[in-house]
Amino acid sequence: MDISKIKAELIQLRKEIKYHNKKYYDEDAPEISDYEFDKLMNRLKEIEKEFPEFITATSPTQKVGGTAKRTAGKIVKHDVQMLSLQDVFSRAEVENFVNDTISKLGEVEFVVEEKIDGLSLALRYENGELVQAVTRGDGTLGEDVTENARVISDVVQKLVDAPKYFEIRGEVYMTKKTFDAVNLRQEKLGLKTFANPRNCAAGTLRQLDSRIVAERNLSMFVFNLQKIDGAEISSHVDAYNFMVRNGIKIIHQYKVCKTFEEVWAAIENIGSYRANLEYDIDGAVVKVNSFAQREILGATSKFPRWAVAYKYPPDEKETVLRKIELSVGRTGRITPTALFDAVLLNGTKVERATLHNQDFIDALDIRIGDTIKVYKSGEIIPKVRGVNFDKRPADSTPFKFPENCPVCNHKLQREDNAADFRCINPNCPAQLENHILNFVGRTAMDIKGLGESAISALIDAGFVKNISDIYKLKNLREELIDKKIFGRAKATDNVLAAIEESKKNSPAKLLTGLGIFGVGSAAARDLINYFGSLEKISKASVEELQNVPDIGGITAKNIFAFFSDGENLKMLGELKTEGLTTEIEIVAQDSENNLAHGKSFVLTGTLAKYKRNDAAKLIEERGGVVKGSVSKVTDYVIAGEESGSKLTKAQQLGIKILSEEEFEKLLGL
């Protein structure tokens, strides 16, 4: 046996597992399925079991995954360490756990319950009042998210039967229905969607703004009593009964068992209905009921010895791929979906699965007519694992994306070294609502009254077929009032007035509103300040675009492709004809009073006389550049009331800080 190869594999496994732990626990953005992660972890355990001399204190097998992050709140030390559970994957492993526990303790009661797939949270009560909510973090240190926890409807604020101190542990999760609604909203706003409910729940709980947490409608189950002072509770089931009397939402179904056969029957029962639950579970937990017996068994540095988590094997079936359907998302991304003969996976009928992108299809060499392997692994979304090449039809051909959009027939674009194809036609019917939402949004043209429902109604009525049609609505006033698109006459006139007023917006706002992939408000300002007008940007080469600070190669190609398209140029021409501002006027560049030209500014806090956008416009008109963050190359920071970290950083870097009066003097106002 080559020990050097074993050591090399250990190093690689630990590196991969630590990376995926970070993606899952800290970034809420896993790149592999639970099943694939478990395979890595099991291989590491196998090697360490065979070569215990190679076990290190920092190995993922010896530590709880995740770290405490300084996002929503301060870092807090746990009163009771929040450990992970030892995963088991077979009937034999469950039987070993049960029989080994009985051999050590004699008569034992086990509780079998669902393992919710969410984010662990400890709730602390003092004299019946909720005083703190802390995430698991690394098990020793967690993050204070009390304000966010208070807006979760399942979190009880006050106990009826109040012991002196009461700490419980639960799982914050998101129902499948809520998750779909959140992702639909993210998509409509052109924001990144979440991979699954667990990621969404974890990311939401760490938000700085508790209003966002409230909007996303999180849920919580409690599954353990951590600590109690002022009352006696001797078992897990007794703790559950106490919690129910106090209105606390516990794991909704659990079974008390005394033998392995009863335990296994309970696990199989959960497995039989798990696909029909309104939330995701990633296994079943088997735990000792008696708290006294738990104390006897104790814990390792990572796991309690009185519980295990059984992970259900992935349900995998073979089926025939009949079609690859291409759909256009609201951001223009083309998504291929496999349509196949229906199969039952985890008790539900499945006929579709995403194929992600062309690279995924190429990597698995998936072809129409193939017999493909479809599975579910602790997630509600079915996936394609691979192809049974022995059953491939002789006349099969590789699948390739078309050159044109399946909805509008516009030529598709694929960035270099990127996986996705996109339709960049802003008038593509599949994207129109999203494009207009972006165009009228606060960071773009900021047109009040043009909300999601109004835009949808305008499109359905045929009043708006592209962005420029927004500025032709003034000619349809009577029809708008008649159909009550915005409401009565006064409301309609207010929206039409807001549309007219938006024509005065800076060209940077107009450029932001065009929805060019990779061009947000900061990049738009940089581009306009560099070129001076949309016309000059539209005629710039990729190389010239890359001369603008912070505009990289991919973004430059996106801009070039957008302005090389005849339909986009036609739309811009119509916007200019309607009177929108497409170039900036540099004010008094040669005046001795204009000290802004060529200087870099950062705005922070609230100004008394100016909205931030208005102040930025004044700077840009005088040849200055407005940036979103403070760096060594920043010339001035304009600080208003309640200035935050940007002011602190400017002071640390020794950057000139201007009051509002000094700002006006500098600009000669």
# chains A, B, ... in the order shown; residues from 1 in each chain; ligands from 1
$ residues_around --residues "segment 506-510 of chain A" --least-positions-apart "3" --cutoff "8 Å" --atoms "only C-alpha atoms" --output "JSON, numbers by chain"
{"A": [439, 443, 444, 445, 513, 514, 521, 524, 525, 527, 528, 533, 534, 581, 582, 583, 584, 617]}
$ select_by_dssp --residues "segment 191-313 of chain A" --states "helix (DSSP H, G or I)" --output "MDAnalysis selection string"
chainID A and resid 197:205 210:215 236:245 260:276 291:297
$ write_last_selection --atoms "N, CA and C atoms" --output "compact mmCIF listing (two decimals), in the first residue's frame"
# COMPACT_ATOMS: atom_id res chain seq x y z
N PRO A 197 -34.83 25.59 -0.67
CA PRO A 197 -35.40 26.28 0.50
C PRO A 197 -34.42 26.45 1.65
N ARG A 198 -33.52 25.48 1.86
CA ARG A 198 -32.57 25.57 2.97
C ARG A 198 -31.65 26.78 2.79
N ASN A 199 -31.12 26.95 1.58
CA ASN A 199 -30.23 28.09 1.32
C ASN A 199 -30.98 29.41 1.50
N CYS A 200 -32.22 29.42 1.03
CA CYS A 200 -33.01 30.65 1.13
C CYS A 200 -33.29 31.00 2.59
N ALA A 201 -33.65 29.99 3.39
CA ALA A 201 -33.93 30.22 4.81
C ALA A 201 -32.68 30.72 5.53
N ALA A 202 -31.54 30.08 5.25
CA ALA A 202 -30.29 30.47 5.92
C ALA A 202 -29.88 31.88 5.54
N GLY A 203 -29.95 32.19 4.25
CA GLY A 203 -29.59 33.54 3.80
C GLY A 203 -30.52 34.60 4.35
N THR A 204 -31.79 34.26 4.46
CA THR A 204 -32.78 35.21 4.97
C THR A 204 -32.55 35.50 6.45
N LEU A 205 -32.30 34.46 7.23
CA LEU A 205 -32.12 34.65 8.68
C LEU A 205 -30.93 35.54 8.98
N SER A 210 -34.62 43.18 9.21
CA SER A 210 -35.62 42.22 9.66
C SER A 210 -36.91 42.32 8.85
N ARG A 211 -37.11 43.42 8.12
CA ARG A 211 -38.31 43.53 7.28
C ARG A 211 -38.26 42.51 6.14
N ILE A 212 -37.06 42.27 5.62
CA ILE A 212 -36.91 41.25 4.57
C ILE A 212 -37.22 39.88 5.13
N VAL A 213 -36.78 39.63 6.37
CA VAL A 213 -37.06 38.35 7.03
C VAL A 213 -38.57 38.16 7.16
N ALA A 214 -39.27 39.21 7.58
CA ALA A 214 -40.71 39.12 7.75
C ALA A 214 -41.41 38.86 6.41
N GLU A 215 -40.93 39.51 5.35
CA GLU A 215 -41.53 39.35 4.02
C GLU A 215 -41.42 37.91 3.52
N HIS A 236 -36.96 13.70 26.61
CA HIS A 236 -37.22 14.43 25.37
C HIS A 236 -38.73 14.59 25.16
N VAL A 237 -39.48 13.54 25.36
CA VAL A 237 -40.93 13.60 25.17
C VAL A 237 -41.57 14.52 26.20
N ASP A 238 -41.11 14.47 27.45
CA ASP A 238 -41.63 15.39 28.46
C ASP A 238 -41.35 16.84 28.07
N ALA A 239 -40.16 17.06 27.51
CA ALA A 239 -39.80 18.42 27.05
C ALA A 239 -40.75 18.87 25.95
N TYR A 240 -41.04 17.96 25.01
CA TYR A 240 -41.99 18.28 23.94
C TYR A 240 -43.36 18.64 24.52
N ASN A 241 -43.82 17.87 25.49
CA ASN A 241 -45.13 18.14 26.09
C ASN A 241 -45.14 19.52 26.76
N PHE A 242 -44.04 19.86 27.44
CA PHE A 242 -43.92 21.18 28.07
C PHE A 242 -43.97 22.28 27.01
N MET A 243 -43.25 22.06 25.90
CA MET A 243 -43.21 23.06 24.83
C MET A 243 -44.59 23.26 24.21
N VAL A 244 -45.30 22.17 23.95
CA VAL A 244 -46.63 22.27 23.36
C VAL A 244 -47.56 23.08 24.26
N ARG A 245 -47.47 22.85 25.58
CA ARG A 245 -48.30 23.63 26.52
C ARG A 245 -47.99 25.12 26.45
N PHE A 260 -35.03 -2.24 17.90
CA PHE A 260 -34.55 -1.83 16.58
C PHE A 260 -35.66 -1.95 15.55
N GLU A 261 -36.46 -3.04 15.61
CA GLU A 261 -37.53 -3.22 14.63
C GLU A 261 -38.51 -2.05 14.65
N GLU A 262 -38.83 -1.58 15.84
CA GLU A 262 -39.74 -0.42 15.95
C GLU A 262 -39.08 0.84 15.39
N VAL A 263 -37.79 1.00 15.69
CA VAL A 263 -37.05 2.17 15.19
C VAL A 263 -37.02 2.15 13.67
N TRP A 264 -36.71 1.01 13.09
CA TRP A 264 -36.60 0.93 11.62
C TRP A 264 -37.97 1.14 10.96
N ALA A 265 -39.02 0.60 11.58
CA ALA A 265 -40.37 0.81 11.04
C ALA A 265 -40.73 2.30 11.04
N ALA A 266 -40.33 3.01 12.10
CA ALA A 266 -40.61 4.46 12.18
C ALA A 266 -39.84 5.22 11.10
N ILE A 267 -38.57 4.82 10.86
CA ILE A 267 -37.77 5.45 9.81
C ILE A 267 -38.40 5.23 8.44
N GLU A 268 -38.84 3.98 8.19
CA GLU A 268 -39.48 3.67 6.91
C GLU A 268 -40.78 4.43 6.75
N ASN A 269 -41.51 4.63 7.84
CA ASN A 269 -42.77 5.37 7.77
C ASN A 269 -42.53 6.82 7.36
N ILE A 270 -41.52 7.44 7.95
CA ILE A 270 -41.18 8.82 7.57
C ILE A 270 -40.78 8.86 6.10
N GLY A 271 -40.00 7.86 5.69
CA GLY A 271 -39.58 7.80 4.28
C GLY A 271 -40.73 7.66 3.32
N SER A 272 -41.82 7.01 3.77
CA SER A 272 -42.96 6.78 2.87
C SER A 272 -43.75 8.04 2.56
N TYR A 273 -43.73 9.03 3.48
CA TYR A 273 -44.54 10.23 3.25
C TYR A 273 -43.71 11.51 3.06
N ARG A 274 -42.41 11.40 3.15
CA ARG A 274 -41.58 12.63 3.16
C ARG A 274 -41.74 13.46 1.89
N ALA A 275 -41.99 12.80 0.75
CA ALA A 275 -42.12 13.56 -0.50
C ALA A 275 -43.37 14.44 -0.51
N ASN A 276 -44.35 14.11 0.34
CA ASN A 276 -45.60 14.85 0.34
C ASN A 276 -45.64 15.97 1.39
N PHE A 291 -32.96 12.02 29.43
CA PHE A 291 -31.85 12.97 29.57
C PHE A 291 -30.74 12.39 30.45
N ALA A 292 -31.11 11.62 31.45
CA ALA A 292 -30.11 11.01 32.33
C ALA A 292 -29.24 10.03 31.54
N GLN A 293 -29.87 9.25 30.69
CA GLN A 293 -29.11 8.31 29.86
C GLN A 293 -28.25 9.04 28.83
N ARG A 294 -28.71 10.16 28.35
CA ARG A 294 -27.88 10.97 27.44
C ARG A 294 -26.60 11.42 28.14
N GLU A 295 -26.74 11.81 29.40
CA GLU A 295 -25.56 12.24 30.17
C GLU A 295 -24.55 11.10 30.29
N ILE A 296 -25.02 9.90 30.50
CA ILE A 296 -24.13 8.74 30.62
C ILE A 296 -23.36 8.50 29.32
N LEU A 297 -24.06 8.62 28.19
CA LEU A 297 -23.43 8.37 26.89
C LEU A 297 -22.46 9.48 26.50
$ select_by_dssp --residues "segment 313-429 of chain A" --states "strand (DSSP E or B)" --output "number ranges by chain"
A: 315-328, 333-345, 348-354, 371-376, 383-387, 404, 411-414, 421-423
$ atom_distance --atom1 "atom CA of Asn99 of chain A" --atom2 "atom CA of Met41 of chain A"
24.4 Å
$ residues_around --residues "Val134 of chain A" --least-positions-apart "5" --cutoff "10 Å" --atoms "only C-alpha atoms" --output "list in words"
Ala68, Gly73, Lys74, Ile75, Val76, Lys77, His78, Ser120, Leu121, Ala122, Leu123, Arg124, Leu141, Gly142, Glu143, Asp144, Val145, Thr146, Ala149 and Arg169 of chain A
$ decode --residues "segment 345-375 of chain A" --atoms "N, CA, C and O atoms" --output "mmCIF file, in the first residue's frame"
data_model
loop_
_atom_site.group_PDB
_atom_site.id
_atom_site.type_symbol
_atom_site.label_atom_id
_atom_site.label_comp_id
_atom_site.auth_asym_id
_atom_site.auth_seq_id
_atom_site.Cartn_x
_atom_site.Cartn_y
_atom_site.Cartn_z
ATOM 1 N N LEU A 345 -40.414 9.004 -8.087
ATOM 2 C CA LEU A 345 -39.232 9.238 -7.254
ATOM 3 C C LEU A 345 -39.693 9.728 -5.898
ATOM 4 O O LEU A 345 -40.379 10.750 -5.799
ATOM 5 N N ASN A 346 -39.329 8.990 -4.855
ATOM 6 C CA ASN A 346 -39.751 9.345 -3.493
ATOM 7 C C ASN A 346 -41.258 9.555 -3.407
ATOM 8 O O ASN A 346 -41.748 10.455 -2.717
ATOM 9 N N GLY A 347 -41.997 8.737 -4.154
ATOM 10 C CA GLY A 347 -43.448 8.759 -4.057
ATOM 11 C C GLY A 347 -44.141 9.787 -4.920
ATOM 12 O O GLY A 347 -45.368 9.903 -4.882
ATOM 13 N N THR A 348 -43.415 10.576 -5.702
ATOM 14 C CA THR A 348 -44.048 11.569 -6.564
ATOM 15 C C THR A 348 -43.710 11.292 -8.027
ATOM 16 O O THR A 348 -42.626 10.819 -8.353
ATOM 17 N N LYS A 349 -44.658 11.617 -8.920
ATOM 18 C CA LYS A 349 -44.444 11.414 -10.349
ATOM 19 C C LYS A 349 -43.570 12.531 -10.895
ATOM 20 O O LYS A 349 -43.833 13.712 -10.673
ATOM 21 N N VAL A 350 -42.526 12.166 -11.601
ATOM 22 C CA VAL A 350 -41.574 13.135 -12.143
ATOM 23 C C VAL A 350 -41.481 12.947 -13.658
ATOM 24 O O VAL A 350 -41.326 11.820 -14.148
ATOM 25 N N GLU A 351 -41.582 14.057 -14.397
ATOM 26 C CA GLU A 351 -41.512 14.011 -15.862
ATOM 27 C C GLU A 351 -40.524 15.031 -16.427
ATOM 28 O O GLU A 351 -40.277 15.045 -17.631
ATOM 29 N N ARG A 352 -39.968 15.864 -15.562
ATOM 30 C CA ARG A 352 -39.087 16.946 -16.008
ATOM 31 C C ARG A 352 -37.913 17.094 -15.046
ATOM 32 O O ARG A 352 -38.042 16.825 -13.856
ATOM 33 N N ALA A 353 -36.793 17.556 -15.572
ATOM 34 C CA ALA A 353 -35.633 17.877 -14.725
ATOM 35 C C ALA A 353 -34.767 18.871 -15.475
ATOM 36 O O ALA A 353 -34.613 18.786 -16.704
ATOM 37 N N THR A 354 -34.203 19.815 -14.763
ATOM 38 C CA THR A 354 -33.344 20.801 -15.414
ATOM 39 C C THR A 354 -32.047 20.160 -15.894
ATOM 40 O O THR A 354 -31.497 19.266 -15.248
ATOM 41 N N LEU A 355 -31.569 20.660 -17.039
ATOM 42 C CA LEU A 355 -30.259 20.241 -17.570
ATOM 43 C C LEU A 355 -29.248 21.385 -17.470
ATOM 44 O O LEU A 355 -28.163 21.304 -18.053
ATOM 45 N N HIS A 356 -29.622 22.448 -16.791
ATOM 46 C CA HIS A 356 -28.742 23.567 -16.420
ATOM 47 C C HIS A 356 -28.256 24.386 -17.620
ATOM 48 O O HIS A 356 -28.638 25.537 -17.775
ATOM 49 N N ASN A 357 -27.383 23.841 -18.447
ATOM 50 C CA ASN A 357 -26.799 24.609 -19.547
ATOM 51 C C ASN A 357 -26.127 23.660 -20.541
ATOM 52 O O ASN A 357 -26.098 22.444 -20.346
ATOM 53 N N GLN A 358 -25.574 24.238 -21.616
ATOM 54 C CA GLN A 358 -24.941 23.418 -22.647
ATOM 55 C C GLN A 358 -23.758 22.628 -22.108
ATOM 56 O O GLN A 358 -23.530 21.467 -22.489
ATOM 57 N N ASP A 359 -22.991 23.224 -21.205
ATOM 58 C CA ASP A 359 -21.824 22.528 -20.646
ATOM 59 C C ASP A 359 -22.237 21.266 -19.891
ATOM 60 O O ASP A 359 -21.562 20.238 -19.970
ATOM 61 N N PHE A 360 -23.350 21.348 -19.143
ATOM 62 C CA PHE A 360 -23.833 20.184 -18.402
ATOM 63 C C PHE A 360 -24.255 19.078 -19.368
ATOM 64 O O PHE A 360 -23.942 17.893 -19.169
ATOM 65 N N ILE A 361 -24.950 19.468 -20.424
ATOM 66 C CA ILE A 361 -25.391 18.497 -21.429
ATOM 67 C C ILE A 361 -24.188 17.838 -22.099
ATOM 68 O O ILE A 361 -24.144 16.617 -22.302
ATOM 69 N N ASP A 362 -23.170 18.640 -22.434
ATOM 70 C CA ASP A 362 -21.962 18.108 -23.076
ATOM 71 C C ASP A 362 -21.197 17.173 -22.141
ATOM 72 O O ASP A 362 -20.680 16.139 -22.568
ATOM 73 N N ALA A 363 -21.111 17.566 -20.853
ATOM 74 C CA ALA A 363 -20.327 16.776 -19.903
ATOM 75 C C ALA A 363 -20.905 15.371 -19.731
ATOM 76 O O ALA A 363 -20.160 14.389 -19.617
ATOM 77 N N LEU A 364 -22.249 15.264 -19.727
ATOM 78 C CA LEU A 364 -22.894 13.959 -19.589
ATOM 79 C C LEU A 364 -23.205 13.318 -20.937
ATOM 80 O O LEU A 364 -23.632 12.164 -20.987
ATOM 81 N N ASP A 365 -22.965 14.069 -22.032
ATOM 82 C CA ASP A 365 -23.274 13.599 -23.394
ATOM 83 C C ASP A 365 -24.716 13.118 -23.479
ATOM 84 O O ASP A 365 -25.016 12.000 -23.897
ATOM 85 N N ILE A 366 -25.635 14.002 -23.081
ATOM 86 C CA ILE A 366 -27.062 13.672 -23.070
ATOM 87 C C ILE A 366 -27.661 13.952 -24.445
ATOM 88 O O ILE A 366 -27.481 15.043 -25.000
ATOM 89 N N ARG A 367 -28.391 12.975 -24.968
ATOM 90 C CA ARG A 367 -29.012 13.117 -26.284
ATOM 91 C C ARG A 367 -30.488 12.705 -26.205
ATOM 92 O O ARG A 367 -30.854 11.845 -25.408
ATOM 93 N N ILE A 368 -31.289 13.313 -27.062
ATOM 94 C CA ILE A 368 -32.696 12.943 -27.136
ATOM 95 C C ILE A 368 -32.797 11.476 -27.566
ATOM 96 O O ILE A 368 -32.124 11.044 -28.502
ATOM 97 N N GLY A 369 -33.632 10.723 -26.856
ATOM 98 C CA GLY A 369 -33.759 9.294 -27.115
ATOM 99 C C GLY A 369 -32.945 8.435 -26.173
ATOM 100 O O GLY A 369 -33.133 7.211 -26.101
ATOM 101 N N ASP A 370 -32.019 9.068 -25.430
ATOM 102 C CA ASP A 370 -31.194 8.328 -24.471
ATOM 103 C C ASP A 370 -32.029 7.806 -23.304
ATOM 104 O O ASP A 370 -33.055 8.396 -22.931
ATOM 105 N N THR A 371 -31.560 6.718 -22.696
ATOM 106 C CA THR A 371 -32.067 6.268 -21.411
ATOM 107 C C THR A 371 -31.225 6.950 -20.336
ATOM 108 O O THR A 371 -30.024 6.708 -20.232
ATOM 109 N N ILE A 372 -31.858 7.843 -19.594
ATOM 110 C CA ILE A 372 -31.135 8.649 -18.617
ATOM 111 C C ILE A 372 -31.445 8.176 -17.198
ATOM 112 O O ILE A 372 -32.469 7.529 -16.956
ATOM 113 N N LYS A 373 -30.556 8.521 -16.256
ATOM 114 C CA LYS A 373 -30.722 8.173 -14.846
ATOM 115 C C LYS A 373 -31.160 9.427 -14.092
ATOM 116 O O LYS A 373 -30.432 10.418 -14.058
ATOM 117 N N VAL A 374 -32.357 9.352 -13.522
ATOM 118 C CA VAL A 374 -32.935 10.499 -12.819
ATOM 119 C C VAL A 374 -33.052 10.156 -11.338
ATOM 120 O O VAL A 374 -33.405 9.031 -10.988
ATOM 121 N N TYR A 375 -32.737 11.128 -10.465
ATOM 122 C CA TYR A 375 -32.757 10.846 -9.031
ATOM 123 C C TYR A 375 -33.185 12.059 -8.226
ATOM 124 O O TYR A 375 -33.183 13.190 -8.711
#
